[in-house]
Every structure is written in C-alpha cells, then in structure tokens.
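K.L.:
Below is one structure. I have some questions about it.
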Amino acid sequence: MKYVLENDKISIEIDSFGAELKSVIDKKTNREYMWYADKKYWGRTSPVLFPFVGSLKNKEFIVDGRQYPMGQHGFARDMEHSLLSKDDKSIWFILESNEETLAKYPFEFKLRIGYEIKDNSVKVLWEVENPAGNNLPFSIGAHPAFICPRYNEEDKSGYKLSFAKFAKESLNTAKDIRVNADAELKNIEKIYHHGNTRDTGLAITENRILDLQEGKCDITPGFFDRCTYMIEGNQANSVGIVDPDGEEFVRVLFDTPLFAIWSPEEKNAPFLCIEPWYGRADHVDFEGDIYKREFTNMLEGQDVFHSEYVMIFS
C-alpha cells in the first residue's frame, strides 16, 4: 500500500512493501528527485537493507556450524511491512520475525522504519529491537537512488560529488578520500578486475583514490566502471550531487561507519545512489561465521538500536 506525506515544499510517497521511499517531489517545480525504478536499469528506488548489507560469500552464512542460504542485502526489502503510525509529518512501519524469517535467519527481531518530513528534507529513522535473550547480529543500510542527470542529458558529464565531514566541516583542504581496497564483493557473471574481465563471480574493488578539489570530484566517463565505491573510516558524513551549473540538488547526511556510491556504468543508468551502511559485503577470504562478519552489529537481548540519516533536496 502507498502512503503520502506532504508539506508546502515537498510530497513523498512510501510503499509498505519494503517500507520503501518511492518518490520525493518538489511541489513548486513538480520535479521528481527519486529514481523511478525502471527495471531496464535497476528496479528499485530506495530499499532498506536488512539483516545483511552486501553480498555473502557463497551466498550463505553460518550460525553455530549450520549454513543458511541468503541473497544479497537480506530480505526486508522484499517483504510487506505493517503500518505502525501516521500523522501529518511522519510515518512508521514495522517488520517482525516470524516462521518465514526464522527459517532463513534464526534470530528474533523487530525492525521499525520511520520517515519524517520537514521543509525540504526527509529524515529516515531505523530501530532494530532484540526481543530475545540471545545476541542479535545484524547489518542495516540505505540504498536511495536519485535521478542523475537531472535534465535528461546523455550522461553525467559535468556533474560532481561534494563531500563534507559531519555535514559541517569542509573538506576544502583535503586532497583525497581513500577508498577501501577490500570493500565490495560482487556476485555477477562478468566483472572488471584490474581492467580485465573474468567469470569467477567475485570481485574486490581496487585500491582507488578519489582526488578532490575543494571537497568535490568530477563524475567523468567511466567513473563507475570498477564496481561500487566503498568509503570507510568516517572520512565523510555528508555527500551531495552538484549539477553542471554548480547547483547542489540533493545532499545525504549520515553518521555510519561506511558508505557506498554506485551507479551501473555499463548501462549509463540515469541515477546515482548514495548509501549509508552499517555493514558491507564479505571479503573473499571470509569463512562465513555471522558473529565474525566485519561491521556486523551485535545487539544484546532486550536492547534497541537507533539510527537515522537525512536527505535534503533543493
């Protein structure tokens, strides 16, 4: 079911399936900011990734010696979420563990996802509750896709990414942002690795550097041709997209241990994702024990995890 929140500046639409944000419209210009999920490129808009982020090695994980199959990014994005509450400015959904989830992920949980609007911004809130007595290992992440280029240009040439630290400190004096060398494991038939294709189905992003000028980098042809950019170490907590006229039209603010930037280069896809993550794909040498998975959050019994990120549109 679709739900709408609006004020005098923006109107947003959320689908209870996946509790997924589907639309953000500027009411003055009637311009849409969110990707419209054309399956030719990518059939989603802003899925919530839970209880895993990224691909799992051999598409499985291990709990107490038992193997469980699991697809990329978990299952919450492909399940119906129940409406918890709604008013003029906010809406909340809940997904609770059940027989279906326990069969493939043997942990009890309550996942609450909320959206709040204020002026021209959307705050996304996450709450993960552990109702059981044992520890709950999980990852959670965002995957919002923004229309880019915004004026139906042929490609993203002339667009820039703008980085800032904690949304306040400028990176004008920084020379680069370092991209983790062992960041992303992708399960696809043919991938690029050091400039060559191979068909093992596993790829690790190369050790790349994003050179910055006054905190910005150009989105040049081939920018996304080597998998996903994965940036760790709290090097930046705010990422914006700037059009060729120098106007920043979207900015994502977050405080997560890592974030990803992605667009399917091979398809020249007209969108760009900025993804705050608590978790990531497995390393190629990972042995599968969920309790040892890097960046996994461990929630004690009866505890609640809280986090949020904000999207500002202009």
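The chains in the structure tokens are called A, B, ... from first to last as shown; in each chain the residues are counted from 1, and the ligands are counted from 1 in the order shown.
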Give me the residues near range 17-20 of chain A as a list in words, where near means some atom within 7 Å (using only C-alpha atoms) and where sequence neighbours in that chain fewer than 3 positions away do not count.
P.N.:
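The contact residues come out as Ile14, Ser46, Pro47, Val48, Ala76, Arg77, Asp78, Met79, Glu80, His81, Phe93 and Ile113 of chain A.
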K.L.:
List the neighbours of range 72-74 of chain A out to 12 Å using only C-alpha atoms; skip same-chain residues closer than 2 positions along the sequence, and give me the result as a PDB file with C-alpha atoms, in the first residue's frame.
P.N.:
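Dumped everything to around_16.pdb:
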ATOM      1  CA  GLY A  18       9.772  -2.994   1.915  1.00  0.00           C
ATOM      2  CA  PRO A  47      15.314  -0.194  -0.406  1.00  0.00           C
ATOM      3  CA  VAL A  48      16.235  -0.755   3.229  1.00  0.00           C
ATOM      4  CA  LEU A  49      18.919  -3.441   3.503  1.00  0.00           C
ATOM      5  CA  PHE A  50      18.392  -5.808   6.456  1.00  0.00           C
ATOM      6  CA  PRO A  51      19.556  -8.050   8.095  1.00  0.00           C
ATOM      7  CA  PHE A  52      22.528  -8.095   5.707  1.00  0.00           C
ATOM      8  CA  VAL A  53      24.278  -5.458   3.650  1.00  0.00           C
ATOM      9  CA  GLY A  54      26.101  -6.550   0.516  1.00  0.00           C
ATOM     10  CA  SER A  55      26.768  -9.982  -0.919  1.00  0.00           C
ATOM     11  CA  LEU A  56      27.587 -13.006   1.181  1.00  0.00           C
ATOM     12  CA  LYS A  57      30.431 -15.284   0.202  1.00  0.00           C
ATOM     13  CA  ASN A  58      28.981 -18.393  -1.437  1.00  0.00           C
ATOM     14  CA  LYS A  59      25.553 -16.768  -0.843  1.00  0.00           C
ATOM     15  CA  GLU A  60      25.361 -18.184   2.666  1.00  0.00           C
ATOM     16  CA  PHE A  61      26.218 -17.510   6.307  1.00  0.00           C
ATOM     17  CA  TYR A  68      21.931 -20.711   5.856  1.00  0.00           C
ATOM     18  CA  PRO A  69      21.493 -19.518   2.242  1.00  0.00           C
ATOM     19  CA  MET A  70      20.977 -15.765   1.840  1.00  0.00           C
ATOM     20  CA  ALA A  76      13.449  -6.937   4.468  1.00  0.00           C
ATOM     21  CA  ARG A  77      13.259  -5.066   1.154  1.00  0.00           C
ATOM     22  CA  ASP A  78      11.159  -7.916  -0.291  1.00  0.00           C
ATOM     23  CA  MET A  79       8.584  -8.216   2.491  1.00  0.00           C
ATOM     24  CA  THR A 101      12.231 -15.265   8.632  1.00  0.00           C
ATOM     25  CA  LYS A 104      16.356 -18.448   6.962  1.00  0.00           C
ATOM     26  CA  TYR A 105      17.720 -16.123   9.671  1.00  0.00           C
ATOM     27  CA  PHE A 138      22.650  -7.794  12.008  1.00  0.00           C
ATOM     28  CA  SER A 139      23.593  -5.252   9.384  1.00  0.00           C
ATOM     29  CA  ILE A 140      21.416  -2.450   8.075  1.00  0.00           C
ATOM     30  CA  GLY A 141      21.828   0.051   5.305  1.00  0.00           C
ATOM     31  CA  ALA A 142      20.207   2.546   2.961  1.00  0.00           C
ATOM     32  CA  HIS A 143      20.192   2.461  -0.837  1.00  0.00           C
ATOM     33  CA  GLU A 184      32.887  -4.878  -2.260  1.00  0.00           C
ATOM     34  CA  LEU A 185      32.293  -8.493  -3.182  1.00  0.00           C
ATOM     35  CA  LYS A 186      30.002  -8.838  -6.180  1.00  0.00           C
ATOM     36  CA  ASN A 187      28.283 -11.990  -7.425  1.00  0.00           C
ATOM     37  CA  ILE A 188      27.855 -11.332 -11.117  1.00  0.00           C
ATOM     38  CA  TRP A 277      25.739   1.490   5.641  1.00  0.00           C
ATOM     39  CA  TYR A 278      26.204  -0.397   8.888  1.00  0.00           C
ATOM     40  CA  GLY A 279      27.735  -3.418   7.195  1.00  0.00           C
ATOM     41  CA  ARG A 280      29.170  -4.476   3.864  1.00  0.00           C
ATOM     42  CA  ALA A 281      29.878  -7.422   1.563  1.00  0.00           C
ATOM     43  CA  ASP A 282      32.096 -10.295   2.650  1.00  0.00           C
TER      44      ASP A 282
END
K.L.:
So which residues touch Glu248 in chain A within 9 Å, counting only C-alpha atoms, skipping near sequence neighbours fewer than 2 positions away, as a PDB file with N, CA, C and O atoms, in the first residue's frame?
P.N.:
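Dumped to out-v9.pdb:
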ATOM      1  N   LYS A 160      29.135  16.656 -10.353  1.00  0.00           N
ATOM      2  CA  LYS A 160      30.153  16.465  -9.332  1.00  0.00           C
ATOM      3  C   LYS A 160      29.550  15.838  -8.087  1.00  0.00           C
ATOM      4  O   LYS A 160      28.345  15.946  -7.845  1.00  0.00           O
ATOM      5  N   SER A 162      30.071  16.113  -3.968  1.00  0.00           N
ATOM      6  CA  SER A 162      30.609  17.038  -2.980  1.00  0.00           C
ATOM      7  C   SER A 162      30.619  16.358  -1.613  1.00  0.00           C
ATOM      8  O   SER A 162      29.576  15.890  -1.144  1.00  0.00           O
ATOM      9  N   GLY A 240      26.874  15.269  -1.418  1.00  0.00           N
ATOM     10  CA  GLY A 240      25.905  15.963  -2.255  1.00  0.00           C
ATOM     11  C   GLY A 240      26.177  15.709  -3.725  1.00  0.00           C
ATOM     12  O   GLY A 240      27.287  15.315  -4.120  1.00  0.00           O
ATOM     13  N   ILE A 241      25.164  15.940  -4.547  1.00  0.00           N
ATOM     14  CA  ILE A 241      25.299  15.845  -6.008  1.00  0.00           C
ATOM     15  C   ILE A 241      25.111  17.247  -6.581  1.00  0.00           C
ATOM     16  O   ILE A 241      24.115  17.916  -6.283  1.00  0.00           O
ATOM     17  N   VAL A 242      26.072  17.679  -7.396  1.00  0.00           N
ATOM     18  CA  VAL A 242      26.093  19.033  -7.953  1.00  0.00           C
ATOM     19  C   VAL A 242      25.944  18.954  -9.459  1.00  0.00           C
ATOM     20  O   VAL A 242      26.642  18.170 -10.119  1.00  0.00           O
ATOM     21  N   ASP A 243      25.024  19.750 -10.028  1.00  0.00           N
ATOM     22  CA  ASP A 243      24.801  19.707 -11.475  1.00  0.00           C
ATOM     23  C   ASP A 243      25.828  20.581 -12.201  1.00  0.00           C
ATOM     24  O   ASP A 243      26.631  21.288 -11.578  1.00  0.00           O
ATOM     25  N   ASP A 245      25.668  23.319 -13.628  1.00  0.00           N
ATOM     26  CA  ASP A 245      25.550  24.754 -13.345  1.00  0.00           C
ATOM     27  C   ASP A 245      26.058  25.113 -11.948  1.00  0.00           C
ATOM     28  O   ASP A 245      25.974  26.283 -11.537  1.00  0.00           O
ATOM     29  N   GLY A 246      26.555  24.116 -11.231  1.00  0.00           N
ATOM     30  CA  GLY A 246      27.063  24.362  -9.883  1.00  0.00           C
ATOM     31  C   GLY A 246      26.014  24.314  -8.800  1.00  0.00           C
ATOM     32  O   GLY A 246      26.300  24.657  -7.646  1.00  0.00           O
ATOM     33  N   VAL A 250      20.773  17.652  -4.208  1.00  0.00           N
ATOM     34  CA  VAL A 250      20.464  16.690  -3.161  1.00  0.00           C
ATOM     35  C   VAL A 250      21.707  16.507  -2.304  1.00  0.00           C
ATOM     36  O   VAL A 250      22.834  16.571  -2.800  1.00  0.00           O
ATOM     37  N   ARG A 251      21.503  16.344  -1.005  1.00  0.00           N
ATOM     38  CA  ARG A 251      22.596  16.043  -0.088  1.00  0.00           C
ATOM     39  C   ARG A 251      22.105  15.019   0.923  1.00  0.00           C
ATOM     40  O   ARG A 251      20.979  15.109   1.420  1.00  0.00           O
ATOM     41  N   PHE A 313      16.774  18.251  -0.159  1.00  0.00           N
ATOM     42  CA  PHE A 313      16.534  18.467  -1.583  1.00  0.00           C
ATOM     43  C   PHE A 313      16.432  19.966  -1.865  1.00  0.00           C
ATOM     44  O   PHE A 313      15.881  20.720  -1.074  1.00  0.00           O
ATOM     45  N   SER A 314      16.966  20.384  -3.028  1.00  0.00           N
ATOM     46  CA  SER A 314      16.906  21.795  -3.366  1.00  0.00           C
ATOM     47  C   SER A 314      16.842  21.968  -4.887  1.00  0.00           C
ATOM     48  O   SER A 314      16.910  21.005  -5.633  1.00  0.00           O
TER      49      SER A 314
END
K.L.:
Which one is closest to Asn30 in chain A: A:Lys2, A:Ser82, A:Lys9, A:Phe109? Count only C-alpha atoms.
P.N.:
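Of A:Lys2, A:Ser82, A:Lys9, A:Phe109, the one nearest Asn30 in chain A, counting only C-alpha atoms, is A:Lys9.
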K.L.:
Out of A:Lys27, A:Lys110, A:Arg66, A:Arg150, which residue has the shortest atom-to-atom distance to Phe249 in chain A when counting only C-alpha atoms?
P.N.:
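Ranked by minimum distance to Phe249 in chain A, first place goes to A:Arg150.
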K.L.:
What is the CA of Tyr151 in chain A-CA of Phe271 in chain A distance in Å, reported with one decimal?
P.N.:
11.6 Å
K.L.:
For a quick check of understanding, using only C-alpha atoms, which of A:Lys28, A:His306, A:Lys22, A:Lys40 has the smallest distance to Glu266 in chain A?
P.N.:
A:Lys40
K.L.:
Could you work out how far CA of Pro264 in chain A lies from CA of Glu154 in chain A, giving the answer in Å with one decimal?
P.N.:
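Between CA of Glu154 in chain A and CA of Pro264 in chain A the gap is 14.4 Å.
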K.L.:
Using the chain letters and numbers from this document, which residues of range 43-163 of chain A does DSSP assign to strand (DSSP E or B), as a PyMOL selection string?
P.N.:
chain A and resi 48-50+60-63+66-69+74+80+82-86+90-96+110-118+121-129+136-138+140-142+145-147+160-163
